[in-house]
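Colleague: One structure coming up, written as structure tokens, with questions to follow.
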Amino acid sequence: MTQRMDSKQRKEQLMHHSLEIISRSGLRGLSMAGLARLVGLVPSAIYRHYPNKQLLILAIFEHLREHVFANIKEACASVQDPLERLRIILMQNITLIRHFQAIPRILLSDSVYSGSQESRRMAYDMIRSVQARIAKIIVEGQVHGQIRSELNPHDVAVLFWGIMPPTAILWILSNERFDVNRHVEQAWELFRRAIATR
């Protein structure tokens with residue numbers, strides 16, 4: 001017998017199981033019927049919360065963006081040093097990727113790039129909004145003399161973002177044998193040396 005849940009609880013359950021499906025089978029493997037079977041509901045019950053797959057995918061993007069933004073907010077609240085903020089954000093987001101294997105599968109999915117304009121726009125907006133927040137931290141580092149002033153903050157933010165997807169891909173392809181922590185620590189040190197004034 002399916003447990004009665006309020007709308008918020010049900011949406012959280014559907015989000016959790018959607019990410020689980022994507023982690024195993026990619027974005028193309030997610031279907032409303034398959035999701036309904038997994039949670040023990042009839043498909044019409046899913047449609048009450050998400051009228052179609054496209055809206056479910058958009059909700060997933062928003063859910064992941066909220067997690068990434070929460071990491072950035074937490075790092076900014078916990079430390080003042082801009083370089084240390086960047087290091088914390090990198091480590092937190094690598095942990096997030098390990099927790100949600102769906103993230104790299106979504107961002108690298110052909111369904112995103114060849115799918116609807118709305119999916120592409122949502123993925124683009126998510127990445128650009130994260131990069132804008134990273135660029136703001138880089139500007140702070142430049143103002144305080146910790147990050148080289150001649151560097152374009154947005155270019156540095158793209159470079160910073162670029163550490164994460166290859167790391168996630170290697171981790172997934174190696175069946176989680178790839179030493180993510182060691183790699184990220186080394187990548188961070190190379191990145192820090194490249195941008196720091198000292």
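Numbering starts fresh at 1 for the residues of each chain in the structure tokens, the chains themselves are lettered A, B, ... in the order given, and ligands are numbered from 1 as they appear.
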Report as a ChimeraX atom specification all protein, DNA and RNA residues lying within 12 Å of Phe191 of chain A, evaluated on only C-alpha atoms, omitting residues in the same chain fewer than 6 positions from it.
Modeller: /A:83,86-87,90,147,156-163,184-185
Colleague: Where does segment 51-136 of chain A meet segment 14-32 of chain A within 8 Å, residue by residue, with the nearest atom pair and distance in Å to one decimal for each, counting only C-alpha atoms, listed by chain and rising number, as JSON lines?
Modeller:
{"residue": "A:Asn52", "atom": "CA", "partner": "A:Met32", "partner_atom": "CA", "distance": 7.7}
{"residue": "A:Lys53", "atom": "CA", "partner": "A:Met32", "partner_atom": "CA", "distance": 6.5}
{"residue": "A:Ile60", "atom": "CA", "partner": "A:Met15", "partner_atom": "CA", "distance": 6.8}
{"residue": "A:Phe100", "atom": "CA", "partner": "A:Leu19", "partner_atom": "CA", "distance": 7.1}
{"residue": "A:Gln101", "atom": "CA", "partner": "A:Ser23", "partner_atom": "CA", "distance": 5.1}
{"residue": "A:Ala102", "atom": "CA", "partner": "A:Ser23", "partner_atom": "CA", "distance": 4.3}
{"residue": "A:Arg105", "atom": "CA", "partner": "A:Gly26", "partner_atom": "CA", "distance": 5.7}
{"residue": "A:Ile106", "atom": "CA", "partner": "A:Leu27", "partner_atom": "CA", "distance": 6.0}
{"residue": "A:Ser109", "atom": "CA", "partner": "A:Leu27", "partner_atom": "CA", "distance": 6.6}
{"residue": "A:Ser111", "atom": "CA", "partner": "A:Arg28", "partner_atom": "CA", "distance": 6.7}
Colleague: Compile the contact shell of Val68 of chain A as a ChimeraX atom specification: residues with an atom at most 10 Å away, counting only C-alpha atoms, same-chain residues fewer than 2 positions apart removed.
Modeller: /A:62-66,70-74,89,92-93,96-97,126,130
Colleague: Extract, using only C-alpha atoms, all DNA, RNA and protein residues at most 9 Å from segment 171-182 of chain A, discarding same-chain residues fewer than 3 positions from it, and format them as a count of residues only.
Modeller: 10
Colleague: DSSP on the backbone: which residues in segment 85-191 of chain A end up as alpha helix (DSSP H)? Give the answer as a ChimeraX atom specification.
Modeller: /A:85-99,102-107,110-113,117-143,153-161,164-173,180-191
Colleague: Under the rule that only C-alpha atoms are counted, which of A:Ala36, A:Phe69, A:His144, A:Ser149 is the nearest residue to Ser129 of chain A?
Modeller: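 Looking at the shortest contact to Ser129 of chain A, the residue is A:Phe69.
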Colleague: Report, in Å to a single decimal, how far apart atom CA of Arg121 of chain A and atom CA of Cys76 of chain A are.
Modeller: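 One can read the atom CA of Cys76 of chain A to atom CA of Arg121 of chain A distance as 27.1 Å.
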Colleague: So what do you get for atom CA of Glu84 of chain A versus atom CA of Leu170 of chain A, distance-wise?
Modeller: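 Atom CA of Leu170 of chain A lies at a distance of 25.3 Å from atom CA of Glu84 of chain A.
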Colleague: Atom CA of Leu35 of chain A to atom CA of Asp6 of chain A: how many Å, to one decimal?
Modeller: 17.9 Å
Colleague: With distances taken over only C-alpha atoms, which of A:Ala123, A:Ala194, A:Ala132, A:Ile103 is nearest to Arg148 of chain A?
Modeller: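 Ranking A:Ala123, A:Ala194, A:Ala132, A:Ile103 by distance to Arg148 of chain A, first place goes to A:Ala194.
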Colleague: Taking only C-alpha atoms into account, which of A:Met164, A:Leu190, A:Leu151, A:Leu38 comes nearest Ile127 of chain A?
Modeller: A:Met164
Colleague: Identify, on the basis of only C-alpha atoms, every residue whose closest approach to Met122 of chain A does not exceed 8 Å; exclude the query and any residue fewer than 4 positions from it along the same chain; express the result as a list of chain:residue names.
Modeller: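 In the requested form, the answer reads A:Leu58, A:Phe61, A:Glu118, A:Met126.
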Colleague: Ranking A:Ala77, A:Ile88, A:Ile138, A:Leu107 by minimum distance to Ala196 of chain A and counting only C-alpha atoms, which one comes first?
Modeller: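 Looking at the shortest contact to Ala196 of chain A, the residue is A:Ile138.
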Colleague: Just checking: using only C-alpha atoms, which residue out of A:Lys136, A:Ile46, A:Gly141, A:Asp81 ends up closest to Gly34 of chain A?
Modeller: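 Closest to Gly34 of chain A of all the choices is A:Ile46.
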Colleague: With only C-alpha atoms as the atoms that count, which of A:Val42, A:Ala75, A:Leu56, A:Ala33 lies nearest to Lys11 of chain A?
Modeller: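 Looking at the shortest contact to Lys11 of chain A, the residue is A:Leu56.
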